[in-house]
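Structure file structure_28.txt (compact mmCIF, C-alpha atoms and all ligand atoms) follows.
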```txt
# COMPACT_ATOMS: atom_id res chain seq x y z
CA MET A 1 6.89 -5.39 2.22
CA ALA A 2 7.07 -3.90 5.73
CA THR A 3 9.56 -5.26 8.24
CA HIS A 4 7.96 -6.38 11.51
CA LYS A 5 9.97 -6.15 14.71
CA LEU A 6 9.38 -9.13 16.98
CA LEU A 7 10.60 -9.60 20.53
CA LEU A 8 10.85 -13.33 21.21
CA VAL A 9 10.65 -14.40 24.86
CA PRO A 10 11.05 -18.18 25.15
CA GLY A 11 10.90 -18.32 28.99
CA ASP A 12 11.22 -21.52 31.02
CA GLY A 13 10.44 -25.23 30.79
CA ILE A 14 8.98 -26.15 27.40
CA GLY A 15 8.91 -22.44 26.42
CA PRO A 16 12.27 -22.55 24.60
CA GLU A 17 11.38 -25.89 22.97
CA VAL A 18 8.14 -24.67 21.41
CA MET A 19 9.69 -21.26 20.59
CA ALA A 20 12.38 -23.06 18.57
CA GLU A 21 9.64 -24.16 16.18
CA VAL A 22 8.38 -20.58 15.79
CA LYS A 23 11.95 -19.49 15.05
CA ARG A 24 12.18 -22.18 12.40
CA LEU A 25 8.90 -20.96 10.90
CA ILE A 26 10.02 -17.30 10.93
CA ALA A 27 13.28 -18.22 9.20
CA TRP A 28 11.34 -20.19 6.57
CA MET A 29 8.89 -17.33 5.95
CA ASN A 30 11.74 -14.79 5.67
CA GLU A 31 13.58 -17.08 3.26
CA HIS A 32 10.53 -17.70 1.07
CA GLY A 33 9.33 -14.10 0.91
CA LEU A 34 6.15 -14.75 2.93
CA GLY A 35 7.03 -11.99 5.38
CA ARG A 36 9.89 -9.91 6.65
CA PHE A 37 10.62 -10.31 10.34
CA ASP A 38 13.39 -8.81 12.38
CA THR A 39 13.75 -10.65 15.69
CA ASP A 40 15.32 -9.88 19.03
CA GLU A 41 15.27 -12.12 22.08
CA ALA A 42 15.03 -11.59 25.85
CA LEU A 43 15.01 -13.57 29.09
CA VAL A 44 11.88 -13.31 31.26
CA GLY A 45 10.86 -15.58 34.14
CA GLY A 46 12.91 -18.10 36.09
CA CYS A 47 15.72 -18.06 33.53
CA CYS A 48 16.05 -14.29 33.97
CA TYR A 49 16.05 -14.65 37.75
CA ASP A 50 18.90 -17.19 37.50
CA ALA A 51 20.92 -14.90 35.24
CA HIS A 52 20.15 -11.47 36.71
CA GLY A 53 18.29 -11.91 40.04
CA VAL A 54 15.05 -10.39 38.66
CA SER A 55 12.19 -11.89 36.65
CA ILE A 56 12.37 -9.14 34.01
CA GLN A 57 14.99 -6.47 33.29
CA GLU A 58 14.37 -2.80 32.52
CA GLU A 59 16.07 -3.19 29.15
CA THR A 60 13.60 -5.95 28.27
CA MET A 61 10.71 -3.61 29.14
CA ALA A 62 12.24 -1.05 26.76
CA LYS A 63 12.63 -3.66 24.02
CA ALA A 64 9.03 -4.76 24.56
CA ARG A 65 7.80 -1.17 24.17
CA ALA A 66 9.76 -0.79 20.94
CA ALA A 67 8.64 -4.10 19.38
CA ASP A 68 5.72 -4.42 16.96
CA ALA A 69 4.71 -7.60 18.79
CA ILE A 70 5.96 -9.78 21.63
CA ILE A 71 5.95 -13.53 21.09
CA PHE A 72 6.00 -15.17 24.50
CA GLY A 73 6.62 -18.83 25.44
CA SER A 74 5.89 -19.77 29.05
CA VAL A 75 7.42 -19.14 32.44
CA GLY A 76 7.63 -20.78 35.85
CA GLY A 77 8.39 -24.12 37.45
CA PRO A 78 9.09 -25.73 40.83
CA LYS A 79 12.74 -24.65 40.68
CA TRP A 80 11.64 -21.08 41.50
CA ASP A 81 8.99 -21.87 44.13
CA LYS A 82 11.09 -20.24 46.87
CA VAL A 83 12.27 -17.05 45.15
CA PRO A 84 10.96 -13.73 46.60
CA TYR A 85 7.31 -13.12 45.64
CA GLU A 86 8.07 -9.98 43.56
CA GLN A 87 10.66 -11.91 41.56
CA ARG A 88 8.62 -15.07 40.93
CA PRO A 89 8.74 -16.00 37.22
CA GLU A 90 5.12 -15.00 36.55
CA ALA A 91 5.79 -11.47 37.85
CA GLY A 92 7.78 -10.72 34.69
CA LEU A 93 4.86 -11.67 32.46
CA LEU A 94 2.32 -9.80 34.61
CA ARG A 95 4.49 -6.67 34.48
CA LEU A 96 4.66 -6.86 30.69
CA ARG A 97 0.88 -7.23 30.40
CA LYS A 98 0.15 -4.47 32.91
CA GLU A 99 2.68 -1.83 31.89
CA LEU A 100 1.90 -2.28 28.21
CA GLY A 101 -1.83 -1.90 29.03
CA MET A 102 -2.96 -5.19 27.46
CA PHE A 103 -6.65 -4.97 28.33
CA ALA A 104 -8.09 -7.33 25.71
CA ASN A 105 -7.31 -11.02 25.93
CA ILE A 106 -8.37 -12.99 22.86
CA ARG A 107 -8.61 -16.73 23.22
CA PRO A 108 -9.87 -18.64 20.20
CA ALA A 109 -11.30 -22.11 20.80
CA ILE A 110 -10.95 -24.02 17.57
CA CYS A 111 -11.63 -27.72 17.32
CA TYR A 112 -9.79 -29.28 14.40
CA PRO A 113 -11.88 -32.07 12.86
CA ALA A 114 -8.97 -34.50 13.36
CA LEU A 115 -9.09 -33.86 17.11
CA ALA A 116 -12.83 -33.87 17.77
CA GLU A 117 -12.44 -37.23 19.56
CA SER A 118 -10.05 -35.69 22.15
CA SER A 119 -12.77 -33.40 23.51
CA SER A 120 -14.79 -34.47 26.53
CA LEU A 121 -17.95 -33.51 24.59
CA LYS A 122 -19.62 -35.43 21.76
CA ARG A 123 -18.06 -35.09 18.31
CA ASP A 124 -21.02 -33.29 16.69
CA VAL A 125 -21.02 -30.68 19.48
CA VAL A 126 -17.39 -29.65 18.91
CA ASP A 127 -16.37 -30.78 15.42
CA GLY A 128 -15.41 -27.66 13.42
CA LEU A 129 -15.94 -25.34 16.40
CA ASP A 130 -14.41 -21.89 15.89
CA ILE A 131 -15.26 -19.30 18.54
CA ILE A 132 -13.42 -16.56 20.43
CA ILE A 133 -13.62 -15.69 24.10
CA LEU A 134 -12.62 -12.07 24.62
CA ARG A 135 -11.74 -11.39 28.24
CA GLU A 136 -11.20 -7.98 29.83
CA LEU A 137 -7.73 -8.37 31.35
CA THR A 138 -6.70 -5.34 33.38
CA GLY A 139 -9.76 -4.42 35.47
CA GLY A 140 -12.54 -5.96 37.54
CA VAL A 141 -12.34 -7.94 40.73
CA TYR A 142 -8.70 -9.06 40.32
CA PHE A 143 -7.49 -5.46 40.61
CA GLY A 144 -10.31 -3.49 42.32
CA GLU A 145 -9.66 -1.79 45.69
CA PRO A 146 -10.27 -2.33 48.54
CA LYS A 147 -8.81 -5.82 48.46
CA THR A 148 -8.26 -6.85 52.06
CA ILE A 149 -8.52 -9.46 54.77
CA THR A 150 -9.42 -7.86 58.12
CA ASP A 151 -9.29 -9.55 61.52
CA LEU A 152 -12.64 -8.80 63.18
CA GLY A 153 -11.22 -9.62 66.62
CA ASN A 154 -13.96 -12.12 67.50
CA GLY A 155 -12.27 -15.13 65.96
CA GLN A 156 -13.61 -14.12 62.57
CA LYS A 157 -11.94 -12.55 59.57
CA ARG A 158 -13.51 -10.63 56.70
CA ALA A 159 -12.17 -10.84 53.14
CA VAL A 160 -13.09 -8.19 50.59
CA ASP A 161 -12.50 -8.10 46.85
CA THR A 162 -13.94 -5.27 44.82
CA GLN A 163 -15.45 -5.63 41.39
CA VAL A 164 -15.13 -2.26 39.73
CA TYR A 165 -15.50 -1.12 36.11
CA ASP A 166 -15.54 2.32 34.53
CA THR A 167 -17.37 3.08 31.29
CA TYR A 168 -14.16 3.43 29.26
CA GLU A 169 -12.87 0.00 30.34
CA ILE A 170 -16.05 -1.71 29.17
CA GLU A 171 -16.30 0.30 26.00
CA ARG A 172 -12.76 -0.35 24.77
CA VAL A 173 -12.96 -4.11 25.21
CA ALA A 174 -16.46 -4.24 23.69
CA ARG A 175 -15.14 -2.29 20.70
CA VAL A 176 -12.47 -4.96 20.16
CA GLY A 177 -15.27 -7.54 20.35
CA PHE A 178 -17.44 -5.84 17.73
CA GLU A 179 -14.43 -5.38 15.43
CA LEU A 180 -13.46 -9.03 15.77
CA ALA A 181 -17.05 -10.16 15.07
CA ARG A 182 -17.21 -7.97 11.98
CA LYS A 183 -14.28 -9.86 10.48
CA ARG A 184 -15.86 -13.23 11.33
CA ARG A 185 -19.52 -14.30 11.49
CA ASN A 186 -20.70 -10.89 12.67
CA LYS A 187 -22.16 -11.90 16.03
CA LEU A 188 -21.13 -10.68 19.49
CA THR A 189 -22.47 -12.18 22.71
CA SER A 190 -21.91 -10.08 25.83
CA MET A 191 -21.97 -11.91 29.17
CA GLU A 192 -22.41 -10.38 32.64
CA LYS A 193 -24.64 -10.74 35.73
CA ARG A 194 -26.86 -7.67 35.49
CA ASN A 195 -29.49 -9.45 37.58
CA VAL A 196 -27.29 -9.33 40.72
CA MET A 197 -24.30 -7.05 40.05
CA LYS A 198 -24.11 -3.30 39.46
CA THR A 199 -21.04 -3.80 37.25
CA GLY A 200 -23.25 -6.12 35.18
CA VAL A 201 -25.88 -3.39 34.80
CA LEU A 202 -23.26 -0.89 33.62
CA TRP A 203 -21.56 -3.49 31.38
CA ASN A 204 -24.87 -4.23 29.66
CA GLU A 205 -25.69 -0.54 29.27
CA VAL A 206 -22.30 0.42 27.80
CA VAL A 207 -22.20 -2.49 25.34
CA THR A 208 -25.77 -1.76 24.20
CA ALA A 209 -25.03 1.95 23.70
CA LEU A 210 -21.81 1.27 21.78
CA HIS A 211 -23.69 -1.15 19.54
CA ALA A 212 -26.37 1.44 18.76
CA ARG A 213 -23.75 4.13 18.09
CA GLU A 214 -21.11 2.34 16.04
CA PHE A 215 -21.89 -1.31 15.32
CA LYS A 216 -25.55 -1.66 14.30
CA ASP A 217 -24.47 -4.00 11.48
CA VAL A 218 -23.19 -6.57 14.02
CA GLU A 219 -25.69 -8.88 15.72
CA LEU A 220 -25.53 -8.28 19.49
CA GLU A 221 -26.85 -10.73 22.06
CA HIS A 222 -26.74 -10.53 25.87
CA GLN A 223 -26.56 -13.60 28.10
CA LEU A 224 -26.23 -13.88 31.86
CA ALA A 225 -22.75 -15.31 32.48
CA ASP A 226 -23.99 -18.40 34.32
CA ALA A 227 -26.49 -19.27 31.59
CA GLY A 228 -23.76 -18.53 29.04
CA GLY A 229 -21.47 -21.05 30.73
CA MET A 230 -24.18 -23.65 30.40
CA GLN A 231 -24.75 -22.80 26.72
CA LEU A 232 -21.01 -23.04 26.11
CA VAL A 233 -21.02 -26.76 26.91
CA ARG A 234 -24.54 -27.45 25.56
CA TRP A 235 -24.10 -26.03 22.04
CA PRO A 236 -20.93 -23.92 21.69
CA LYS A 237 -21.36 -23.45 17.94
CA GLN A 238 -24.15 -20.90 18.60
CA PHE A 239 -21.41 -18.38 19.48
CA ASP A 240 -19.02 -16.38 17.35
CA VAL A 241 -17.30 -13.88 19.71
CA ILE A 242 -18.08 -13.73 23.44
CA VAL A 243 -17.02 -10.62 25.36
CA THR A 244 -16.96 -10.69 29.14
CA ASP A 245 -15.20 -9.31 32.21
CA ASN A 246 -11.95 -10.46 33.81
CA LEU A 247 -13.39 -12.98 36.30
CA PHE A 248 -16.08 -14.54 34.08
CA GLY A 249 -13.62 -14.52 31.19
CA ASP A 250 -11.05 -16.42 33.22
CA MET A 251 -13.55 -19.20 33.90
CA LEU A 252 -15.38 -19.27 30.59
CA SER A 253 -12.17 -19.36 28.56
CA ASP A 254 -10.94 -22.36 30.54
CA VAL A 255 -14.25 -24.10 29.88
CA ALA A 256 -13.90 -23.29 26.18
CA ALA A 257 -10.34 -24.65 26.32
CA MET A 258 -11.59 -28.09 27.21
CA LEU A 259 -13.93 -28.11 24.23
CA THR A 260 -10.88 -28.36 22.00
CA GLY A 261 -9.13 -31.29 23.64
CA SER A 262 -5.69 -30.17 24.85
CA LEU A 263 -3.89 -27.23 26.42
CA GLY A 264 -1.12 -27.78 23.90
CA MET A 265 -3.48 -26.58 21.14
CA LEU A 266 -4.57 -23.18 22.50
CA PRO A 267 -3.09 -19.86 21.39
CA SER A 268 -3.92 -16.41 22.77
CA ALA A 269 -3.38 -12.71 22.13
CA SER A 270 -3.38 -9.78 24.52
CA LEU A 271 -3.94 -6.38 22.94
CA GLY A 272 -3.57 -2.83 24.22
CA GLU A 273 -4.73 0.52 22.86
CA THR A 274 -3.97 1.58 19.31
CA ASP A 275 -1.46 4.44 19.26
CA PRO A 276 -3.24 7.31 17.45
CA LYS A 277 0.04 8.46 15.86
CA THR A 278 1.55 5.20 14.66
CA ARG A 279 -1.77 3.29 14.35
CA LYS A 280 0.11 0.42 16.00
CA ARG A 281 -1.32 -1.58 18.84
CA ARG A 282 0.70 -3.07 21.70
CA ALA A 283 0.35 -6.84 21.52
CA LEU A 284 1.63 -9.99 23.19
CA TYR A 285 1.00 -13.46 21.78
CA GLU A 286 1.42 -16.59 23.88
CA PRO A 287 0.17 -20.13 24.24
CA VAL A 288 -2.40 -20.63 27.00
CA HIS A 289 -0.36 -23.45 28.55
CA GLY A 290 2.39 -23.06 31.15
CA SER A 291 5.96 -24.31 31.22
CA ALA A 292 4.96 -27.98 31.67
CA PRO A 293 7.91 -28.96 33.91
CA ASP A 294 6.77 -32.60 33.78
CA ILE A 295 7.73 -32.91 30.12
CA ALA A 296 10.34 -30.14 29.76
CA GLY A 297 13.61 -31.16 28.14
CA LYS A 298 12.15 -34.27 26.53
CA GLY A 299 11.37 -32.80 23.12
CA ALA A 300 7.80 -34.03 23.54
CA ALA A 301 5.87 -30.75 23.92
CA ASN A 302 3.16 -29.87 21.45
CA PRO A 303 4.31 -26.74 19.55
CA ILE A 304 0.89 -26.06 17.95
CA ALA A 305 -0.36 -23.54 20.57
CA MET A 306 2.89 -21.58 20.18
CA ILE A 307 2.82 -21.69 16.37
CA ALA A 308 -0.88 -20.73 16.32
CA SER A 309 -0.04 -17.80 18.66
CA PHE A 310 2.45 -16.58 16.05
CA ALA A 311 -0.29 -16.94 13.42
CA MET A 312 -2.48 -14.69 15.60
CA ALA A 313 0.30 -12.07 15.55
CA LEU A 314 0.21 -12.13 11.76
CA ARG A 315 -3.58 -11.75 11.80
CA TYR A 316 -4.05 -9.13 14.52
CA SER A 317 -0.83 -7.09 14.45
CA PHE A 318 0.31 -7.22 10.85
CA GLY A 319 -2.82 -7.59 8.70
CA MET A 320 -1.36 -10.82 7.27
CA GLY A 321 -4.62 -12.78 7.31
CA LYS A 322 -3.69 -14.84 4.26
CA GLU A 323 -0.43 -16.02 5.81
CA ALA A 324 -2.17 -16.69 9.15
CA ASP A 325 -4.75 -18.81 7.31
CA LEU A 326 -1.91 -20.69 5.64
CA ILE A 327 -0.41 -21.58 9.02
CA ASP A 328 -3.78 -22.67 10.40
CA GLN A 329 -4.44 -24.82 7.32
CA ALA A 330 -0.96 -26.36 7.60
CA ILE A 331 -1.65 -27.28 11.25
CA ALA A 332 -4.96 -28.89 10.24
CA ALA A 333 -3.22 -30.74 7.38
CA ALA A 334 -0.45 -32.12 9.61
CA LEU A 335 -3.12 -33.36 12.05
CA ALA A 336 -5.21 -34.82 9.22
CA LYS A 337 -2.14 -36.86 8.19
CA GLY A 338 -2.33 -38.52 11.59
CA LEU A 339 0.67 -36.80 13.18
CA ARG A 340 0.24 -36.22 16.92
CA THR A 341 2.37 -35.13 19.85
CA ALA A 342 1.88 -37.32 22.91
CA ASP A 343 -0.73 -35.02 24.55
CA ILE A 344 -3.19 -35.47 21.66
CA LYS A 345 -2.40 -39.00 20.56
CA SER A 346 -5.16 -41.51 19.87
CA ASP A 347 -5.41 -44.98 18.35
CA GLY A 348 -4.04 -45.28 14.84
CA THR A 349 -2.06 -42.02 14.90
CA THR A 350 1.71 -41.47 14.69
CA VAL A 351 3.33 -39.91 17.76
CA VAL A 352 6.05 -37.38 16.96
CA GLY A 353 8.15 -34.96 19.01
CA THR A 354 8.17 -31.16 19.10
CA ARG A 355 10.66 -30.71 16.28
CA ASP A 356 9.03 -33.24 13.93
CA MET A 357 5.64 -31.57 14.42
CA GLY A 358 7.16 -28.13 13.72
CA GLU A 359 8.86 -29.41 10.58
CA ALA A 360 5.72 -31.19 9.41
CA ILE A 361 3.72 -27.95 9.70
CA ILE A 362 6.31 -26.05 7.66
CA GLY A 363 6.28 -28.91 5.13
CA GLU A 364 2.50 -28.56 4.80
CA MET A 365 2.85 -24.78 4.41
CA ALA A 366 5.33 -25.28 1.57
CA ARG A 367 2.95 -27.74 -0.09
CA LEU A 368 -0.12 -25.47 0.35
CA ALA A 369 1.74 -22.34 -0.78
CA ALA A 370 3.09 -23.99 -3.93
N1 LIG B 401 1.57 -17.96 30.90
C1 LIG B 401 2.42 -18.74 31.53
O1 LIG B 401 3.63 -18.66 31.32
C2 LIG B 401 1.89 -19.79 32.46
C3 LIG B 401 0.57 -20.23 32.36
C4 LIG B 401 0.15 -21.27 33.20
C5 LIG B 401 1.04 -21.82 34.12
N2 LIG B 401 2.31 -21.33 34.19
C6 LIG B 401 3.32 -21.93 35.09
O2 LIG B 401 3.75 -23.17 34.49
C7 LIG B 401 4.13 -24.09 35.54
C8 LIG B 401 3.39 -25.40 35.34
O3 LIG B 401 1.99 -25.17 35.52
P1 LIG B 401 0.85 -26.23 35.29
O4 LIG B 401 1.46 -27.61 35.36
O5 LIG B 401 -0.27 -25.89 36.18
O6 LIG B 401 0.31 -25.96 33.81
P2 LIG B 401 0.93 -26.38 32.41
O7 LIG B 401 0.09 -25.76 31.36
O8 LIG B 401 2.37 -26.06 32.36
O9 LIG B 401 0.77 -27.97 32.34
C9 LIG B 401 -0.47 -28.66 32.61
C10 LIG B 401 -0.42 -30.04 31.94
O10 LIG B 401 -0.55 -29.89 30.53
C11 LIG B 401 0.57 -30.43 29.85
N3 LIG B 401 0.95 -29.50 28.78
C12 LIG B 401 0.95 -28.15 28.83
N4 LIG B 401 1.38 -27.63 27.68
C13 LIG B 401 1.67 -28.68 26.88
C14 LIG B 401 2.18 -28.77 25.54
N5 LIG B 401 2.47 -27.70 24.80
N6 LIG B 401 2.37 -30.02 25.04
C15 LIG B 401 2.07 -31.11 25.76
N7 LIG B 401 1.57 -31.08 27.01
C16 LIG B 401 1.39 -29.87 27.58
C17 LIG B 401 1.68 -30.51 30.90
O11 LIG B 401 2.61 -31.54 30.57
C18 LIG B 401 0.90 -30.77 32.16
O12 LIG B 401 0.65 -32.15 32.31
C19 LIG B 401 3.82 -23.39 36.85
O13 LIG B 401 5.00 -22.81 37.33
C20 LIG B 401 2.82 -22.31 36.46
O14 LIG B 401 2.84 -21.22 37.33
C21 LIG B 401 2.76 -20.37 33.38
```

Let's see the structure in the file written out as C-alpha cells.
Ligand SMILES: NC(=O)c1ccc[n+]([C@@H]2O[C@H](COP(=O)([O-])OP(=O)(O)OC[C@H]3O[C@@H](n4cnc5c(N)ncnc54)[C@H](O)[C@@H]3O)[C@@H](O)[C@H]2O)c1
Amino acid sequence: MATHKLLLVPGDGIGPEVMAEVKRLIAWMNEHGLGRFDTDEALVGGCCYDAHGVSIQEETMAKARAADAIIFGSVGGPKWDKVPYEQRPEAGLLRLRKELGMFANIRPAICYPALAESSSLKRDVVDGLDIIILRELTGGVYFGEPKTITDLGNGQKRAVDTQVYDTYEIERVARVGFELARKRRNKLTSMEKRNVMKTGVLWNEVVTALHAREFKDVELEHQLADAGGMQLVRWPKQFDVIVTDNLFGDMLSDVAAMLTGSLGMLPSASLGETDPKTRKRRALYEPVHGSAPDIAGKGAANPIAMIASFAMALRYSFGMGKEADLIDQAIAAALAKGLRTADIKSDGTTVVGTRDMGEAIIGEMARLAA
C-alpha cells in the first residue's frame, strides 16, 4: 500500500474544529489498514499572520509543493480586517492556488435524501441530486489585463475588466470535465455565452474539437450560461458534469450549493496539471464554507464538508474510490439516523456537535466496512 503525504492546513475560525474530525478519521483509517497517510501541518491565514506576520510562509509553500495533497480548512475573520491587504488571511490561500497552478475547481452538489427538506427547492427536484460544477479557476475576467479604473476628467470614471482565454486554458479544464464525466454518467454540459462573447465562441469551439478528437464516447451538450442557470434550478438532475469559465462558474456553483441545503455540506477540490514524470497532480481539497466566526469555538460546526473534502482527495488524488464511497455512505448513514449539526437541523432530528458528528461518521464507517 502506497503512503500518501498530506499537508493539513486547519486555518482560522471553525477550520481547526472541522479539521480535528479529519485527523480523527485519518488516524482511524491508518489504524484499520484502510490507507496509509503521513501528515504534516502548517499555519496559513490569520493564525499565521499572528505568529509570523505573514499569511503564508515560504517553508509552507515548499511543504505544499512536496505534498501529494493539501487538505485545507478555512481562513479569515473580523480579527484580521485591518491587516495589510497583501497579508490578509485569504492571500495565503490564493497564493497556494495560484502558485500551484490549480486551474480546475471541482464542486460536487450532492443532496442526501435525509436533507432534501433543507433545500429551498421541492423535494422531488433535489432528492438524490448528484452533479458536479467544474469551474476554470486561474483565468478569465478575474485575472485578465487590462483591469483598471480610469478617471475620465469630466466627473466620470471608466472601469475595465478583461475576459481573456487562450486555447490551452479551455482545453485543459474541458479535458478534466470529460474525464470526470467518463467515470460518472458520461455526460458533459459546457456553458458559455457564445451569442455575445468572443471568449464564448472560442470556448465552444475548443470544447467541441476536443470532444471530436478524444472523447467521442462522452455525451457533450452546450448551453448558454444564462439558460443553464435557469435549468439548474428548474431540473438540476438533467446534468452530470457542467464545465464553465471562472466567472460563470463562480455564480453557477453558488446556485448549485443552495440546491443541497447548507454550506456546511459542500466539499471542493482544486486540481493542477499532472506532472508527466511522476504522474502526480497538484491538488488542494477544502470545504466551500469560510471560517464561520459566528459559531467558531462553540464545537457546533458541521464537519461534513471537511470530511467529504478529504473523501474527494481519496477519489481524485489517490485512486481510492472504494474508500471515498465508504466515507460518503457513512455520512449518508449518520444523517439517515437523524443526527444533525445545528445548521441542518429539522423537526424530529437529534442535534449534535462537531465532534459527535465526526465520531458518528467513523462509527458508521466501521459498521459498513465490517
Ligand atoms: N476558503 C475560505 O477559507 C473562505 C471561504 C469563504 C469565506 N471565507 C472567510 O470566512 C469569514 C466568514 O465569511 P462568511 O461569514 O461570509 O462565510 P462562512 O461560510 O464562514 O459563513 C456563512 C454562514 O454559514 C455558516 N456556516 C459556514 N460553515 C458552516 C459549517 N461548517 N457548519 C455550520 N455552519 C456553517 C456560518 O455560521 C455563517 O452563518 C470571512 O473572513 C471570509 O473572508 C473564507

Given 10 Å and only C-alpha atoms and all ligand atoms, residues near ligand LIG 401 (chain B) as a PyMOL selection string = chain A and resi 10-15+17-18+44-46+72-81+88-94+262-266+268+286-296+299-306+341-344+353-354

Can I get the selection written as an mmCIF file, in the coordinates of the input, with C-alpha atoms?
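And here's out-v3.cif as it stands now:
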```
data_model
loop_
_atom_site.group_PDB
_atom_site.id
_atom_site.type_symbol
_atom_site.label_atom_id
_atom_site.label_comp_id
_atom_site.auth_asym_id
_atom_site.auth_seq_id
_atom_site.Cartn_x
_atom_site.Cartn_y
_atom_site.Cartn_z
ATOM 1 C CA PRO A 10 11.050 -18.180 25.150
ATOM 2 C CA GLY A 11 10.900 -18.320 28.990
ATOM 3 C CA ASP A 12 11.220 -21.520 31.020
ATOM 4 C CA GLY A 13 10.440 -25.230 30.790
ATOM 5 C CA ILE A 14 8.980 -26.150 27.400
ATOM 6 C CA GLY A 15 8.910 -22.440 26.420
ATOM 7 C CA GLU A 17 11.380 -25.890 22.970
ATOM 8 C CA VAL A 18 8.140 -24.670 21.410
ATOM 9 C CA VAL A 44 11.880 -13.310 31.260
ATOM 10 C CA GLY A 45 10.860 -15.580 34.140
ATOM 11 C CA GLY A 46 12.910 -18.100 36.090
ATOM 12 C CA PHE A 72 6.000 -15.170 24.500
ATOM 13 C CA GLY A 73 6.620 -18.830 25.440
ATOM 14 C CA SER A 74 5.890 -19.770 29.050
ATOM 15 C CA VAL A 75 7.420 -19.140 32.440
ATOM 16 C CA GLY A 76 7.630 -20.780 35.850
ATOM 17 C CA GLY A 77 8.390 -24.120 37.450
ATOM 18 C CA PRO A 78 9.090 -25.730 40.830
ATOM 19 C CA LYS A 79 12.740 -24.650 40.680
ATOM 20 C CA TRP A 80 11.640 -21.080 41.500
ATOM 21 C CA ASP A 81 8.990 -21.870 44.130
ATOM 22 C CA ARG A 88 8.620 -15.070 40.930
ATOM 23 C CA PRO A 89 8.740 -16.000 37.220
ATOM 24 C CA GLU A 90 5.120 -15.000 36.550
ATOM 25 C CA ALA A 91 5.790 -11.470 37.850
ATOM 26 C CA GLY A 92 7.780 -10.720 34.690
ATOM 27 C CA LEU A 93 4.860 -11.670 32.460
ATOM 28 C CA LEU A 94 2.320 -9.800 34.610
ATOM 29 C CA SER A 262 -5.690 -30.170 24.850
ATOM 30 C CA LEU A 263 -3.890 -27.230 26.420
ATOM 31 C CA GLY A 264 -1.120 -27.780 23.900
ATOM 32 C CA MET A 265 -3.480 -26.580 21.140
ATOM 33 C CA LEU A 266 -4.570 -23.180 22.500
ATOM 34 C CA SER A 268 -3.920 -16.410 22.770
ATOM 35 C CA GLU A 286 1.420 -16.590 23.880
ATOM 36 C CA PRO A 287 0.170 -20.130 24.240
ATOM 37 C CA VAL A 288 -2.400 -20.630 27.000
ATOM 38 C CA HIS A 289 -0.360 -23.450 28.550
ATOM 39 C CA GLY A 290 2.390 -23.060 31.150
ATOM 40 C CA SER A 291 5.960 -24.310 31.220
ATOM 41 C CA ALA A 292 4.960 -27.980 31.670
ATOM 42 C CA PRO A 293 7.910 -28.960 33.910
ATOM 43 C CA ASP A 294 6.770 -32.600 33.780
ATOM 44 C CA ILE A 295 7.730 -32.910 30.120
ATOM 45 C CA ALA A 296 10.340 -30.140 29.760
ATOM 46 C CA GLY A 299 11.370 -32.800 23.120
ATOM 47 C CA ALA A 300 7.800 -34.030 23.540
ATOM 48 C CA ALA A 301 5.870 -30.750 23.920
ATOM 49 C CA ASN A 302 3.160 -29.870 21.450
ATOM 50 C CA PRO A 303 4.310 -26.740 19.550
ATOM 51 C CA ILE A 304 0.890 -26.060 17.950
ATOM 52 C CA ALA A 305 -0.360 -23.540 20.570
ATOM 53 C CA MET A 306 2.890 -21.580 20.180
ATOM 54 C CA THR A 341 2.370 -35.130 19.850
ATOM 55 C CA ALA A 342 1.880 -37.320 22.910
ATOM 56 C CA ASP A 343 -0.730 -35.020 24.550
ATOM 57 C CA ILE A 344 -3.190 -35.470 21.660
ATOM 58 C CA GLY A 353 8.150 -34.960 19.010
ATOM 59 C CA THR A 354 8.170 -31.160 19.100
#
```

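Straight-line separation from atom CA of A:Ala311 to atom CA of A:Leu326: 8.8 Å.
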
Cut-off 12 Å around (-20.2, -0.4, 25.3) with all atoms listed in the file: residues as a PyMOL selection string = chain A and resi 165-178+188+190+200-215+220+243-244

key: Spatial neighbours of A:Leu134, 6 Å, all atoms listed in the file, chain gap at least 2 places, as a PyMOL selection string   = chain A and resi 105-106+242-243

Could you dump the residues just selected with C-alpha atoms as a CSV table (one decimal), keeping the file's coordinate frame?
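The result, written out as again_25.csv:
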```csv
chain,number,residue,atom,x,y,z
A,105,ASN,CA,-7.3,-11.0,25.9
A,106,ILE,CA,-8.4,-13.0,22.9
A,242,ILE,CA,-18.1,-13.7,23.4
A,243,VAL,CA,-17.0,-10.6,25.4
```

ask   = For A:Ile327, which residue among A:Leu368, A:Val83, A:Val352, A:Leu284 is the nearest when counting all atoms listed in the file?
value =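 Counting all atoms listed in the file, the residue closest to A:Ile327 is A:Leu368.
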
task = Go through A:Asp275, A:Gly249, A:Ile131, A:Lys337 one by one, measure the shortest atom-to-atom distance of each to A:Val351 using only C-alpha atoms, and give the residue with the smallest value.
result =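 Among the listed residues, A:Lys337 lies closest to A:Val351.
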
key: Selection: 9 Å around A:Arg158, only C-alpha atoms, excl. self and same-chain fewer than 4 positions, as a list in words   =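 After dropping sequence-adjacent residues, the list is Thr148, Ile149, Thr150, Asp151 and Leu152 of chain A.
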
Selection above as a file: C-alpha atoms, as a short mmCIF file (atom, residue, chain, number, x, y, z; two decimals), keeping the file's coordinate frame:
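As written to disk, part_24.cif reads:
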```
data_model
loop_
_atom_site.label_atom_id
_atom_site.label_comp_id
_atom_site.auth_asym_id
_atom_site.auth_seq_id
_atom_site.Cartn_x
_atom_site.Cartn_y
_atom_site.Cartn_z
CA THR A 148 -8.26 -6.85 52.06
CA ILE A 149 -8.52 -9.46 54.77
CA THR A 150 -9.42 -7.86 58.12
CA ASP A 151 -9.29 -9.55 61.52
CA LEU A 152 -12.64 -8.80 63.18
#
```

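Between A:Lys322 and the candidates A:Gly35, A:Gly338, A:Gly363, A:Gly155, the tightest atom-to-atom separation, counting all atoms listed in the file, involves A:Gly35.
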
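Using all atoms listed in the file for every distance, the candidate list A:Asp124, A:Glu99, A:Asp50, A:Glu364 yields A:Asp124 as the residue closest to A:Arg234.
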
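For the set A:Ala66, A:Met197, A:Phe239, A:Arg182, the residue with the smallest atom-to-atom gap to A:Asp217 is A:Arg182, counting all atoms listed in the file.
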
Contacts of A:Ile132 at 6 Å (all atoms listed in the file; same-chain gap of 6+ positions) as a PyMOL selection string = chain A and resi 107-109+241

Which centre and edge lengths in Å to one decimal define the box along x, y and z that fits every listed atom of stretch 332-341 of chain A plus 8 Å per side, as lines of an AutoDock Vina configuration file?
```
center_x = -1.4
center_y = -33.7
center_z = 13.6
size_x = 23.6
size_y = 25.6
size_z = 28.5
```
